[in-house]
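Structure data follow from protein_38.cif (mmCIF, C-alpha atoms and all ligand atoms):
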```cif
data_input
#
loop_
_atom_site.label_atom_id
_atom_site.label_comp_id
_atom_site.auth_asym_id
_atom_site.auth_seq_id
_atom_site.Cartn_x
_atom_site.Cartn_y
_atom_site.Cartn_z
CA MET K 260 0.00 0.00 0.00
CA GLN K 261 1.20 3.49 -0.75
CA ASN K 262 2.38 5.38 2.26
CA LEU K 263 2.95 9.04 3.15
CA HIS K 264 6.12 8.20 5.01
CA SER K 265 6.63 10.50 8.00
CA GLU K 266 4.87 13.48 6.42
CA ARG K 267 4.24 15.93 9.25
CA VAL K 268 0.51 16.63 9.43
CA VAL K 269 -0.84 19.35 11.72
CA ILE K 270 -4.62 19.42 12.24
CA VAL K 271 -6.43 22.34 13.87
CA GLY K 272 -9.55 21.21 15.78
CA SER K 273 -10.31 17.89 17.47
CA GLY K 274 -13.99 17.58 16.52
CA ILE K 275 -14.99 14.67 14.31
CA ILE K 276 -13.44 16.22 11.19
CA GLY K 277 -10.09 16.62 12.96
CA LEU K 278 -10.21 13.13 14.48
CA THR K 279 -11.15 11.33 11.25
CA HIS K 280 -8.41 13.15 9.36
CA ALA K 281 -5.93 12.35 12.15
CA LEU K 282 -6.61 8.61 12.06
CA THR K 283 -6.67 8.43 8.27
CA ALA K 284 -3.38 10.34 8.00
CA LEU K 285 -1.82 8.17 10.70
CA GLU K 286 -2.90 5.00 8.87
CA ALA K 287 -1.23 6.40 5.73
CA GLY K 288 2.07 6.66 7.62
CA CYS K 289 2.05 10.34 8.62
CA THR K 290 3.20 11.84 11.90
CA VAL K 291 0.12 13.62 13.22
CA THR K 292 -0.28 16.52 15.68
CA LEU K 293 -3.79 17.62 16.63
CA VAL K 294 -4.26 21.11 18.06
CA GLU K 295 -7.38 21.81 20.19
CA ARG K 296 -8.04 25.10 21.95
CA ASN K 297 -10.14 23.42 24.69
CA SER K 298 -9.18 20.54 26.97
CA ARG K 299 -11.37 18.24 24.81
CA PRO K 300 -13.70 18.54 21.82
CA LEU K 301 -16.66 20.71 22.83
CA GLY K 302 -18.06 21.82 19.47
CA ALA K 303 -20.81 20.49 17.19
CA SER K 304 -19.36 16.98 17.31
CA ILE K 305 -20.46 16.41 20.93
CA ARG K 306 -23.69 18.43 20.65
CA ASN K 307 -25.42 16.44 17.93
CA PHE K 308 -27.89 13.52 17.79
CA GLY K 309 -25.17 10.97 17.16
CA THR K 310 -27.03 9.58 14.18
CA ILE K 311 -25.01 8.21 11.27
CA TRP K 312 -27.58 8.98 8.62
CA PRO K 313 -27.19 7.70 5.03
CA VAL K 314 -30.98 7.81 4.61
CA GLY K 315 -30.72 11.62 4.48
CA LEU K 316 -28.53 11.61 1.38
CA SER K 317 -29.37 11.34 -2.31
CA PHE K 318 -28.18 8.28 -4.18
CA GLY K 319 -24.76 8.65 -5.75
CA LYS K 320 -21.37 9.79 -4.50
CA GLU K 321 -22.50 11.27 -1.20
CA ARG K 322 -24.61 8.30 -0.21
CA THR K 323 -21.64 6.03 -0.95
CA GLN K 324 -19.54 8.32 1.25
CA ALA K 325 -22.16 8.04 4.01
CA LEU K 326 -22.24 4.23 3.79
CA ARG K 327 -18.45 4.24 4.06
CA GLY K 328 -18.98 6.29 7.23
CA VAL K 329 -21.27 3.60 8.62
CA GLN K 330 -18.62 0.96 8.00
CA ARG K 331 -15.84 3.03 9.62
CA TRP K 332 -17.96 3.94 12.67
CA LYS K 333 -18.67 0.23 13.24
CA GLU K 334 -14.96 -0.64 12.99
CA LEU K 335 -13.98 2.20 15.30
CA ALA K 336 -16.67 1.33 17.84
CA ARG K 337 -15.08 -2.11 18.08
CA ASP K 338 -11.47 -0.85 18.14
CA ALA K 339 -11.97 2.15 20.45
CA GLY K 340 -14.65 0.59 22.68
CA PHE K 341 -17.86 2.58 22.34
CA ILE K 342 -21.38 1.61 21.28
CA ALA K 343 -22.57 2.16 17.69
CA ASP K 344 -26.12 0.81 17.77
CA ALA K 345 -27.06 -0.52 14.31
CA CYS K 346 -30.73 0.19 14.99
CA GLY K 347 -31.65 1.63 11.56
CA SER K 348 -34.17 4.41 11.09
CA LEU K 349 -37.94 4.55 10.89
CA SER K 350 -39.59 7.33 8.85
CA LEU K 351 -43.24 7.50 9.87
CA ALA K 352 -45.84 9.00 7.51
CA TYR K 353 -49.00 10.62 8.87
CA ARG K 354 -50.04 12.83 5.97
CA ASN K 355 -51.08 11.26 2.66
CA GLU K 356 -48.40 13.33 0.93
CA ALA K 357 -45.71 11.93 3.23
CA TRP K 358 -46.85 8.36 2.59
CA SER K 359 -46.71 9.07 -1.18
CA VAL K 360 -43.13 10.35 -0.78
CA LEU K 361 -42.08 7.18 1.05
CA GLN K 362 -43.71 4.92 -1.53
CA GLU K 363 -42.07 6.84 -4.39
CA PHE K 364 -38.72 6.70 -2.62
CA ALA K 365 -38.96 2.93 -2.10
CA ALA K 366 -39.82 2.50 -5.81
CA LEU K 367 -36.74 4.39 -7.08
CA PRO K 368 -34.45 2.03 -9.05
CA ASP K 369 -31.55 2.87 -6.70
CA SER K 370 -33.63 1.80 -3.66
CA ALA K 371 -33.94 -1.81 -4.80
CA ALA K 372 -30.68 -3.10 -3.34
CA GLU K 373 -30.79 -1.02 -0.16
CA GLY K 374 -32.87 -3.28 2.08
CA PHE K 375 -35.55 -0.63 2.71
CA GLU K 376 -38.88 -1.96 3.98
CA LEU K 377 -42.24 -0.25 3.51
CA LEU K 378 -44.34 -1.14 6.55
CA SER K 379 -48.11 -1.01 7.01
CA PRO K 380 -49.39 0.72 10.17
CA GLU K 381 -50.00 -2.70 11.79
CA GLU K 382 -46.51 -3.98 10.97
CA THR K 383 -45.00 -0.71 12.19
CA ILE K 384 -46.71 -0.83 15.58
CA LYS K 385 -45.97 -4.53 16.00
CA ARG K 386 -42.25 -3.88 15.50
CA HIS K 387 -42.12 -0.42 17.14
CA PRO K 388 -44.82 -0.23 19.82
CA LEU K 389 -43.71 3.31 20.81
CA ALA K 390 -44.70 4.71 17.39
CA ASN K 391 -48.05 6.52 17.52
CA PRO K 392 -50.72 4.46 15.65
CA GLU K 393 -53.20 7.37 15.45
CA GLY K 394 -53.42 8.55 11.83
CA LEU K 395 -50.38 6.48 10.78
CA GLN K 396 -50.37 5.76 7.03
CA GLY K 397 -47.24 3.63 6.96
CA ALA K 398 -43.50 3.80 7.49
CA LEU K 399 -40.15 3.23 5.80
CA PHE K 400 -37.55 1.23 7.71
CA SER K 401 -33.95 1.70 6.60
CA PRO K 402 -31.39 -0.76 8.04
CA HIS K 403 -28.24 1.37 7.65
CA GLU K 404 -28.39 4.09 10.28
CA LEU K 405 -26.36 3.96 13.49
CA CYS K 406 -26.94 5.69 16.81
CA ILE K 407 -23.98 6.66 18.98
CA GLN K 408 -23.59 8.84 22.06
CA SER K 409 -21.29 11.44 20.55
CA ALA K 410 -19.58 12.72 23.70
CA THR K 411 -18.75 9.19 24.86
CA ALA K 412 -17.68 8.10 21.38
CA LEU K 413 -15.38 11.10 20.91
CA THR K 414 -13.76 10.56 24.32
CA ALA K 415 -13.08 6.95 23.32
CA LEU K 416 -11.80 8.00 19.88
CA VAL K 417 -9.39 10.54 21.41
CA ALA K 418 -8.01 7.86 23.78
CA HIS K 419 -7.71 5.39 20.87
CA LEU K 420 -5.86 7.88 18.66
CA LYS K 421 -3.49 8.76 21.52
CA SER K 422 -2.73 5.07 21.99
CA LEU K 423 -1.90 4.80 18.28
CA GLY K 424 0.54 7.71 18.48
CA VAL K 425 -1.36 10.89 17.54
CA ASN K 426 0.14 13.82 19.41
CA PHE K 427 -2.67 15.90 21.02
CA LEU K 428 -1.97 19.49 22.05
CA ASN K 429 -4.95 20.57 24.15
CA ARG K 430 -5.60 24.12 25.40
CA ALA K 431 -3.58 25.19 22.37
CA CYS K 432 -5.20 27.83 20.19
CA ALA K 433 -4.04 28.24 16.58
CA ILE K 434 -3.90 31.93 15.69
CA LYS K 435 -2.24 31.92 12.27
CA VAL K 436 -1.43 29.48 9.50
CA HIS K 437 1.86 30.34 7.79
CA ASP K 438 3.15 28.71 4.58
CA ASP K 439 4.81 25.85 6.44
CA ALA K 440 3.85 26.19 10.12
CA VAL K 441 0.88 26.77 12.41
CA GLU K 442 1.40 29.48 15.00
CA LEU K 443 -0.16 29.00 18.43
CA ALA K 444 -1.31 31.76 20.80
CA ASP K 445 1.53 30.92 23.22
CA GLY K 446 4.11 31.57 20.47
CA ARG K 447 4.90 27.95 19.56
CA MET K 448 5.31 27.18 15.84
CA LEU K 449 4.28 23.75 14.54
CA PRO K 450 5.95 22.98 11.20
CA PHE K 451 3.94 20.91 8.71
CA ASP K 452 4.11 19.19 5.34
CA GLN K 453 0.31 19.06 5.22
CA CYS K 454 -2.14 21.03 7.35
CA VAL K 455 -5.88 20.44 7.86
CA ILE K 456 -8.08 23.19 9.25
CA ALA K 457 -11.03 21.52 10.99
CA ALA K 458 -12.03 24.36 13.30
CA GLY K 459 -15.81 23.93 12.96
CA GLU K 460 -17.77 27.16 13.18
CA GLU K 461 -14.63 29.15 14.11
CA MET K 462 -13.09 28.99 10.64
CA GLN K 463 -13.39 32.73 10.10
CA ILE K 464 -10.70 33.46 12.69
CA LEU K 465 -8.05 31.72 10.58
CA PHE K 466 -9.34 32.28 7.04
CA PRO K 467 -11.93 35.11 7.06
CA LYS K 468 -11.57 36.04 3.39
CA GLU K 469 -11.88 32.47 2.07
CA LEU K 470 -14.90 31.84 4.28
CA ALA K 471 -16.63 35.06 3.29
CA GLU K 472 -16.32 34.08 -0.40
CA SER K 473 -17.62 30.53 0.05
CA HIS K 474 -21.44 30.79 0.25
CA ILE K 475 -21.50 29.55 3.82
CA ARG K 476 -23.71 30.65 6.71
CA ARG K 477 -24.00 29.82 10.39
CA CYS K 478 -26.88 27.82 11.78
CA GLN K 479 -27.82 27.44 15.46
CA LEU K 480 -29.85 24.44 16.60
CA GLN K 481 -31.71 23.82 19.88
CA MET K 482 -31.50 20.34 21.39
CA MET K 483 -32.73 18.35 24.42
CA ARG K 484 -32.11 15.02 26.12
CA THR K 485 -34.65 13.01 28.13
CA SER K 486 -34.16 11.01 31.27
CA PRO K 487 -33.70 7.25 30.60
CA VAL K 488 -36.84 5.74 29.05
CA ASN K 489 -37.19 2.06 29.94
CA GLN K 490 -38.77 0.98 26.64
CA ARG K 491 -36.92 0.99 23.31
CA LEU K 492 -37.84 2.98 20.21
CA GLY K 493 -36.12 0.21 18.23
CA ALA K 494 -34.93 2.65 15.53
CA ILE K 495 -34.10 6.33 15.17
CA MET K 496 -37.56 7.84 14.61
CA VAL K 497 -38.59 10.75 12.39
CA SER K 498 -41.82 11.83 10.72
CA ASP K 499 -43.30 13.99 7.94
CA LEU K 500 -41.35 17.17 8.80
CA THR K 501 -38.01 15.40 8.46
CA LEU K 502 -38.84 13.96 5.03
CA ALA K 503 -39.14 17.53 3.80
CA HIS K 504 -35.76 18.45 5.28
CA TYR K 505 -33.13 16.07 3.83
CA PRO K 506 -31.88 15.84 0.19
CA ALA K 507 -32.71 12.11 -0.11
CA PHE K 508 -36.40 12.65 -0.83
CA GLN K 509 -36.06 15.63 -3.16
CA ASP K 510 -36.37 13.41 -6.28
CA CYS K 511 -39.78 12.10 -5.23
CA PRO K 512 -42.59 13.74 -7.24
CA SER K 513 -44.79 14.27 -4.14
CA ILE K 514 -42.14 16.14 -2.12
CA ALA K 515 -43.30 19.58 -3.31
CA ASN K 516 -46.88 18.78 -2.20
CA LEU K 517 -45.66 17.64 1.18
CA GLN K 518 -43.51 20.75 1.66
CA SER K 519 -46.36 23.05 0.70
CA VAL K 520 -48.90 21.30 2.99
CA LEU K 521 -46.47 21.40 5.93
CA HIS K 522 -45.59 25.04 5.28
CA ASP K 523 -49.27 26.06 5.35
CA ALA K 524 -50.27 23.86 8.29
CA MET K 525 -47.25 24.50 10.53
CA PRO K 526 -46.01 28.06 9.96
CA GLU K 527 -44.32 28.32 13.35
CA HIS K 528 -42.36 25.10 12.80
CA HIS K 529 -41.36 26.52 9.43
CA GLN K 530 -40.31 29.86 10.96
CA TRP K 531 -37.99 28.15 13.47
CA GLY K 532 -36.89 25.41 11.06
CA VAL K 533 -38.19 22.73 13.41
CA HIS K 534 -38.17 19.08 12.38
CA VAL K 535 -37.88 16.33 14.94
CA ILE K 536 -35.49 13.40 15.31
CA ALA K 537 -35.70 11.02 18.30
CA ALA K 538 -32.44 9.09 18.81
CA GLN K 539 -32.35 6.68 21.74
CA HIS K 540 -29.01 5.69 23.25
CA ALA K 541 -27.89 2.52 25.02
CA ASP K 542 -28.65 4.05 28.45
CA GLY K 543 -32.29 4.70 27.43
CA THR K 544 -31.94 8.49 27.14
CA ILE K 545 -33.35 10.05 23.97
CA THR K 546 -31.71 12.97 22.19
CA LEU K 547 -34.35 15.25 20.68
CA GLY K 548 -34.28 18.22 18.39
CA ASP K 549 -34.02 20.38 16.51
CA SER K 550 -34.54 23.91 15.18
CA HIS K 551 -32.57 25.88 12.58
CA GLU K 552 -31.84 29.56 13.15
CA TYR K 553 -29.63 31.20 10.52
CA GLY K 554 -27.52 34.32 10.88
CA PRO K 555 -24.08 35.75 11.37
CA ASP K 556 -24.64 35.47 15.16
CA PHE K 557 -27.33 34.52 17.67
CA THR K 558 -28.84 35.48 21.00
CA PRO K 559 -27.84 33.09 23.80
CA ASP K 560 -31.49 32.32 24.61
CA ASN K 561 -32.77 28.77 24.75
CA TRP K 562 -36.28 29.51 23.48
CA SER K 563 -38.92 27.58 25.42
CA ARG K 564 -41.36 28.04 22.52
CA VAL K 565 -38.98 26.09 20.27
CA ASN K 566 -38.72 23.31 22.85
CA ASP K 567 -42.54 23.21 23.07
CA LEU K 568 -42.78 22.90 19.28
CA VAL K 569 -40.30 20.01 19.27
CA LEU K 570 -42.00 18.16 22.14
CA GLY K 571 -45.48 18.80 20.73
CA TYR K 572 -44.47 17.39 17.35
CA LEU K 573 -42.72 14.43 19.01
CA ALA K 574 -46.05 13.50 20.62
CA THR K 575 -47.68 13.25 17.17
CA PHE K 576 -45.47 10.34 16.14
CA THR K 577 -44.44 8.63 19.39
CA ARG K 578 -46.18 7.35 22.51
CA LEU K 579 -43.36 7.61 25.01
CA PRO K 580 -43.83 6.52 28.60
CA SER K 581 -43.38 9.41 31.03
CA TYR K 582 -40.01 11.16 30.85
CA ARG K 583 -38.25 14.32 32.03
CA ILE K 584 -36.13 16.67 29.97
CA ASP K 585 -32.79 16.44 31.76
CA SER K 586 -30.74 18.69 29.56
CA ARG K 587 -31.04 21.43 26.92
CA TRP K 588 -28.28 22.92 24.80
CA HIS K 589 -27.36 24.66 21.56
CA GLY K 590 -25.11 23.58 18.74
CA VAL K 591 -23.82 25.63 15.82
CA TYR K 592 -22.58 24.49 12.44
CA LEU K 593 -21.66 26.08 9.14
CA LYS K 594 -23.79 25.21 6.13
CA SER K 595 -23.53 25.84 2.42
CA THR K 596 -26.15 28.21 0.99
CA ILE K 597 -25.86 26.55 -2.44
CA GLY K 598 -26.74 22.99 -1.47
CA GLN K 599 -23.25 21.52 -1.00
CA THR K 600 -23.05 18.88 1.75
CA GLN K 601 -19.40 19.76 2.44
CA VAL K 602 -16.95 22.46 1.44
CA VAL K 603 -13.25 21.72 1.00
CA LEU K 604 -11.01 24.70 0.28
CA GLN K 605 -7.32 24.96 -0.44
CA PRO K 606 -6.50 28.46 0.85
CA ARG K 607 -2.84 27.82 0.05
CA GLU K 608 -0.57 25.01 -1.00
CA ARG K 609 -0.58 22.07 1.44
CA VAL K 610 -3.39 23.57 3.54
CA THR K 611 -6.82 21.88 3.36
CA MET K 612 -9.78 23.57 4.98
CA VAL K 613 -12.75 21.26 5.65
CA THR K 614 -15.97 22.97 6.55
CA ALA K 615 -19.74 23.40 6.14
CA MET K 616 -20.67 19.79 6.82
CA GLY K 617 -24.04 21.09 8.03
CA GLY K 618 -26.10 18.45 9.83
CA LEU K 619 -24.26 15.48 8.30
CA GLY K 620 -20.67 15.86 9.48
CA MET K 621 -20.72 12.77 11.68
CA THR K 622 -21.99 10.76 8.72
CA LEU K 623 -19.73 12.12 5.98
CA SER K 624 -16.45 12.77 7.82
CA TRP K 625 -14.76 9.37 7.38
CA GLY K 626 -15.23 9.31 3.61
CA LEU K 627 -14.09 12.91 3.38
CA ALA K 628 -10.92 12.25 5.39
CA GLU K 629 -10.06 9.37 3.04
CA ARG K 630 -10.50 11.71 0.07
CA THR K 631 -8.24 14.37 1.62
CA VAL K 632 -5.45 11.88 2.27
CA SER K 633 -5.74 10.29 -1.17
CA ASN K 634 -5.47 13.80 -2.68
CA TRP K 635 -2.14 14.15 -0.88
CA LEU K 636 -1.06 10.80 -2.32
CA GLU K 637 -2.09 11.86 -5.83
CA ALA K 638 -0.14 15.09 -5.39
CA GLY K 639 2.89 12.85 -4.87
CA ALA K 640 3.76 13.97 -1.39
CA CYS K 641 6.72 11.85 -0.28
CA ILE K 642 5.19 8.60 -1.52
CA ILE K 643 6.86 5.29 -0.82
CA SER K 644 5.33 1.94 -1.75
C1 LIG K 701 -27.31 20.13 17.04
C2 LIG K 701 -26.58 19.37 15.96
C3 LIG K 701 -27.05 18.12 15.58
C4 LIG K 701 -26.37 17.40 14.59
N1 LIG K 701 -26.73 16.10 14.33
C5 LIG K 701 -25.98 15.35 13.49
C6 LIG K 701 -26.25 13.98 13.30
O1 LIG K 701 -27.11 13.40 13.95
N2 LIG K 701 -25.53 13.29 12.36
C7 LIG K 701 -24.54 13.89 11.63
O2 LIG K 701 -23.96 13.25 10.77
N3 LIG K 701 -24.19 15.18 11.86
C8 LIG K 701 -24.88 15.91 12.77
N4 LIG K 701 -24.56 17.22 13.01
C9 LIG K 701 -23.43 17.80 12.27
C10 LIG K 701 -22.10 17.45 12.88
O3 LIG K 701 -22.17 17.44 14.29
C11 LIG K 701 -21.08 18.48 12.39
O4 LIG K 701 -21.10 18.55 10.97
C12 LIG K 701 -19.67 18.04 12.81
O5 LIG K 701 -19.65 17.76 14.18
C13 LIG K 701 -18.66 19.13 12.49
O6 LIG K 701 -17.43 18.68 13.00
P1 LIG K 701 -16.16 19.62 13.08
O7 LIG K 701 -15.04 18.77 13.55
O8 LIG K 701 -16.03 20.36 11.80
O9 LIG K 701 -16.56 20.75 14.13
P2 LIG K 701 -16.52 20.79 15.73
O10 LIG K 701 -17.04 19.56 16.34
O11 LIG K 701 -17.21 22.06 16.09
O12 LIG K 701 -14.99 20.86 16.09
C14 LIG K 701 -14.17 21.97 15.86
C15 LIG K 701 -13.09 21.98 16.94
O13 LIG K 701 -12.11 22.94 16.58
C16 LIG K 701 -11.69 23.60 17.76
N5 LIG K 701 -11.10 24.89 17.35
C17 LIG K 701 -11.73 25.92 16.72
N6 LIG K 701 -10.88 26.92 16.47
C18 LIG K 701 -9.67 26.51 16.93
C19 LIG K 701 -8.38 27.12 16.96
N7 LIG K 701 -8.15 28.33 16.44
N8 LIG K 701 -7.36 26.43 17.51
C20 LIG K 701 -7.56 25.20 18.05
N9 LIG K 701 -8.77 24.58 18.05
C21 LIG K 701 -9.81 25.23 17.49
C22 LIG K 701 -12.96 23.73 18.57
O14 LIG K 701 -12.68 23.94 19.94
C23 LIG K 701 -13.64 22.39 18.29
O15 LIG K 701 -13.31 21.40 19.25
C24 LIG K 701 -25.23 17.97 13.96
C25 LIG K 701 -24.78 19.23 14.34
C26 LIG K 701 -25.44 19.93 15.34
C27 LIG K 701 -24.92 21.28 15.77
#
```

Could you spell out this file's structure in structure tokens?
Ligand SMILES: Cc1cc2nc3c(=O)[nH]c(=O)nc-3n(C[C@H](O)[C@H](O)[C@H](O)COP(=O)(O)OP(=O)(O)OC[C@H]3O[C@@H](n4cnc5c(N)ncnc54)[C@H](O)[C@@H]3O)c2cc1C
Amino acid sequence: MQNLHSERVVIVGSGIIGLTHALTALEAGCTVTLVERNSRPLGASIRNFGTIWPVGLSFGKERTQALRGVQRWKELARDAGFIADACGSLSLAYRNEAWSVLQEFAALPDSAAEGFELLSPEETIKRHPLANPEGLQGALFSPHELCIQSATALTALVAHLKSLGVNFLNRACAIKVHDDAVELADGRMLPFDQCVIAAGEEMQILFPKELAESHIRRCQLQMMRTSPVNQRLGAIMVSDLTLAHYPAFQDCPSIANLQSVLHDAMPEHHQWGVHVIAAQHADGTITLGDSHEYGPDFTPDNWSRVNDLVLGYLATFTRLPSYRIDSRWHGVYLKSTIGQTQVVLQPRERVTMVTAMGGLGMTLSWGLAERTVSNWLEAGACIIS
């Protein structure tokens, strides 16, 4: 196998983009240093649902990348010792238009080999008794999706990467990227042969001009977690609002009808960008969200109206036994305004900036890291066989 023998790779940011690039570069033979301004990753990568979500992506290159992510997460769960629950996802349809979208999606030629199952209301409730039977038209089960507890998984990944030899510099803030070295706030210079900027929503500090020119905006999301629920959802559950949200269903003829019906019937959900995912973890807790607020910056408020909208909508498609909300938080990510699921920039030679993964960074990051490292190989950086 080709090898990037002893190339010095410096990565800024130890969220999932930084960690996946670190492991992939290490496996290719590089010497890797990871710079994190906090004592551990505290950005979007530990604030998300922890769903690995190929069902959200259109067929083609990105879906293949997402399925590669599923494979890598399973391998890493085994190697690093965390749980990646291969529970799959259940998209529940309550409106006729949503049921039409699911049927059209299942009939697409590309769907044939994917193991999707269209379920009647009776089959759905038999397999997932916590789904709400009232008004249920049917559901689509997809077997691919994984559910992980992000904070636990990232802690395990960091420990695993350290044991393999990645050098972590925590509480180290990168303030400037020079042609061949990263400068830290305490004056240290870290020389590199290749540099990856994986600074999440803070990209503008290092490359403001490149970011401003890249059709990217910030998005803030409101999230919650329940107390442990002693019955299982049996899959990551979503409903009509989520079908309208992800690219996967955009080729279905009925999607425009569904979007228009939802827009008219649920203007407040539309205003706050609310669609609801329920992802249950091994300890029984359920991560719930979310909303989408766009802007250059945000108020720090955790809006109780948004939480009410999420919980109210959750009750339309689940019948959960009693639970408490134990925790509420925000997350922020960068997202392309022109429909790209990821933005990779080369602000200068040997510097790769990976950003704007939107709500799919956990899913797409492994495949993306492999592409970055194979680009280095193609560029002929110090290759030995
Ligand atoms: C609420 C929410 C829910 C989501 N749900 C899902 C989901 O279910 N599935 C999915 O696939 N994706 C999901 N996503 C998207 C996914 O979480 C993000 O795309 C992904 O985490 C981005 O990873 P990152 O490494 O780029 O950023 P981050 O995780 O934000 O990491 C960036 C790191 O860089 C560090 N840093 C920044 N600047 C510097 C500096 N100058 N020097 C040193 N360190 C620096 C930060 O401290 C941080 O640790 C969700 C996102 C959010 C916010």

Query - Protein and nucleic acid residues within 7 Å of ligand LIG 701 (chain K) (only C-alpha atoms and all ligand atoms) as a VMD selection string - result: chain K and resid 271 to 277 294 to 297 299 to 312 431 to 434 457 to 462 464 to 465 479 to 482 549 589 to 592 614 to 623

Query raised in the report: Neighbours of Cys511 in chain K within 7 Å (all atoms listed in the file; same-chain residues fewer than 2 positions away dropped), as a list in words?
Result: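 What passes the distance filter is Val360, Glu363, Phe364, Phe508, Gln509, Ser513 and Ile514 of chain K.
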
Query raised in the report: Looking at all atoms listed in the file, which of K:Arg607, K:Arg267, K:His280, K:Lys594 is the one that sits closest to Leu420 in chain K?
Result: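 Smallest separation from Leu420 in chain K among the options: K:His280.
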
Query raised in the report: Skipping near chain neighbours, those fewer than 3 positions away, what residues fall within 8 Å of His504 in chain K using all atoms listed in the file, listed as number ranges by chain?
Result: K: 500-501, 534

Got a sec: who's within 10 Å of Ile475 in chain K, counting all atoms listed in the file, leaving out chain neighbours fewer than 2 positions off, as a PDB file with C-alpha atoms, in the frame of the given file?
```pdb
ATOM      1  CA  LEU K 470     -14.900  31.840   4.280  1.00  0.00           C
ATOM      2  CA  ALA K 471     -16.630  35.060   3.290  1.00  0.00           C
ATOM      3  CA  GLU K 472     -16.320  34.080  -0.400  1.00  0.00           C
ATOM      4  CA  SER K 473     -17.620  30.530   0.050  1.00  0.00           C
ATOM      5  CA  ARG K 477     -24.000  29.820  10.390  1.00  0.00           C
ATOM      6  CA  CYS K 478     -26.880  27.820  11.780  1.00  0.00           C
ATOM      7  CA  LEU K 593     -21.660  26.080   9.140  1.00  0.00           C
ATOM      8  CA  LYS K 594     -23.790  25.210   6.130  1.00  0.00           C
ATOM      9  CA  SER K 595     -23.530  25.840   2.420  1.00  0.00           C
ATOM     10  CA  THR K 596     -26.150  28.210   0.990  1.00  0.00           C
ATOM     11  CA  ILE K 597     -25.860  26.550  -2.440  1.00  0.00           C
ATOM     12  CA  GLY K 598     -26.740  22.990  -1.470  1.00  0.00           C
ATOM     13  CA  GLN K 599     -23.250  21.520  -1.000  1.00  0.00           C
ATOM     14  CA  VAL K 602     -16.950  22.460   1.440  1.00  0.00           C
ATOM     15  CA  THR K 614     -15.970  22.970   6.550  1.00  0.00           C
ATOM     16  CA  ALA K 615     -19.740  23.400   6.140  1.00  0.00           C
ATOM     17  CA  GLY K 617     -24.040  21.090   8.030  1.00  0.00           C
TER      18      GLY K 617
END
```

Query - Which residue of K:Leu627, K:Ala357, K:Ala494, K:Leu636 approaches Thr323 in chain K most closely, using all atoms listed in the file - result: K:Leu627

Query raised in the report: Pick the closest to Ser586 in chain K from K:Thr485, K:Val613, K:Glu629, K:Asp556: which is it, counting all atoms listed in the file?
Result: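 Among the listed residues, the smallest separation from Ser586 in chain K belongs to K:Thr485.
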
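Distance annotation: of K:Met612, K:Pro450, K:Arg484, K:Pro606, the residue with the minimal separation from Tyr582 in chain K is K:Arg484; atom set is only C-alpha atoms.
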
Anything within 10 Å of (-36.5, 27.3, 22.8): list those residues as a short mmCIF file (atom, residue, chain, number, x, y, z; two decimals) with C-alpha atoms, in the coordinates of the input, counting all atoms listed in the file and sticking to the file's coordinates.
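selection07.cif written:
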```
data_model
loop_
_atom_site.label_atom_id
_atom_site.label_comp_id
_atom_site.auth_asym_id
_atom_site.auth_seq_id
_atom_site.Cartn_x
_atom_site.Cartn_y
_atom_site.Cartn_z
CA LEU K 480 -29.85 24.44 16.60
CA GLN K 481 -31.71 23.82 19.88
CA MET K 482 -31.50 20.34 21.39
CA MET K 483 -32.73 18.35 24.42
CA TRP K 531 -37.99 28.15 13.47
CA ASP K 549 -34.02 20.38 16.51
CA SER K 550 -34.54 23.91 15.18
CA ASP K 560 -31.49 32.32 24.61
CA ASN K 561 -32.77 28.77 24.75
CA TRP K 562 -36.28 29.51 23.48
CA SER K 563 -38.92 27.58 25.42
CA ARG K 564 -41.36 28.04 22.52
CA VAL K 565 -38.98 26.09 20.27
CA ASN K 566 -38.72 23.31 22.85
CA ASP K 567 -42.54 23.21 23.07
CA LEU K 568 -42.78 22.90 19.28
CA VAL K 569 -40.30 20.01 19.27
CA ARG K 587 -31.04 21.43 26.92
CA TRP K 588 -28.28 22.92 24.80
CA HIS K 589 -27.36 24.66 21.56
#
```

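Rounded to one decimal, CA of Thr414 in chain K and CA of Ala444 in chain K lie 24.8 Å from each other.
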
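What separates CA of Leu285 in chain K from CA of Val425 in chain K is a distance of 7.4 Å.
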
Report summary line: Restricting to only C-alpha atoms, whichever of K:Val269, K:Ala537, K:Ile584, K:Ala628 is closest to Asn426 in chain K is K:Val269

Query raised in the report: What gap, in Å, lies between CA of Phe400 in chain K and CA of Ser350 in chain K?
Result: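 Taking CA of Phe400 in chain K and CA of Ser350 in chain K, their separation equals 6.5 Å.
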
Query - Nearest candidate to Arg476 in chain K (options K:Phe451, K:Tyr553, K:Phe341, K:Tyr572; using only C-alpha atoms) - result: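 Under the stated criterion, the closest residue is K:Tyr553.
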
Report task. Name all residues at most 7 Å from Leu449 in chain K (count all atoms listed in the file; drop same-chain ones fewer than 5 positions away) and give them as a ChimeraX atom specification. Result -> /K:440-442

Query raised in the report: If you count all atoms listed in the file, which residues fall within 10 Å of Leu517 in chain K, apart from same-chain ones fewer than 3 positions away, as number ranges by chain?
Result: K: 354-360, 499-500, 502-503, 512-514, 520-522
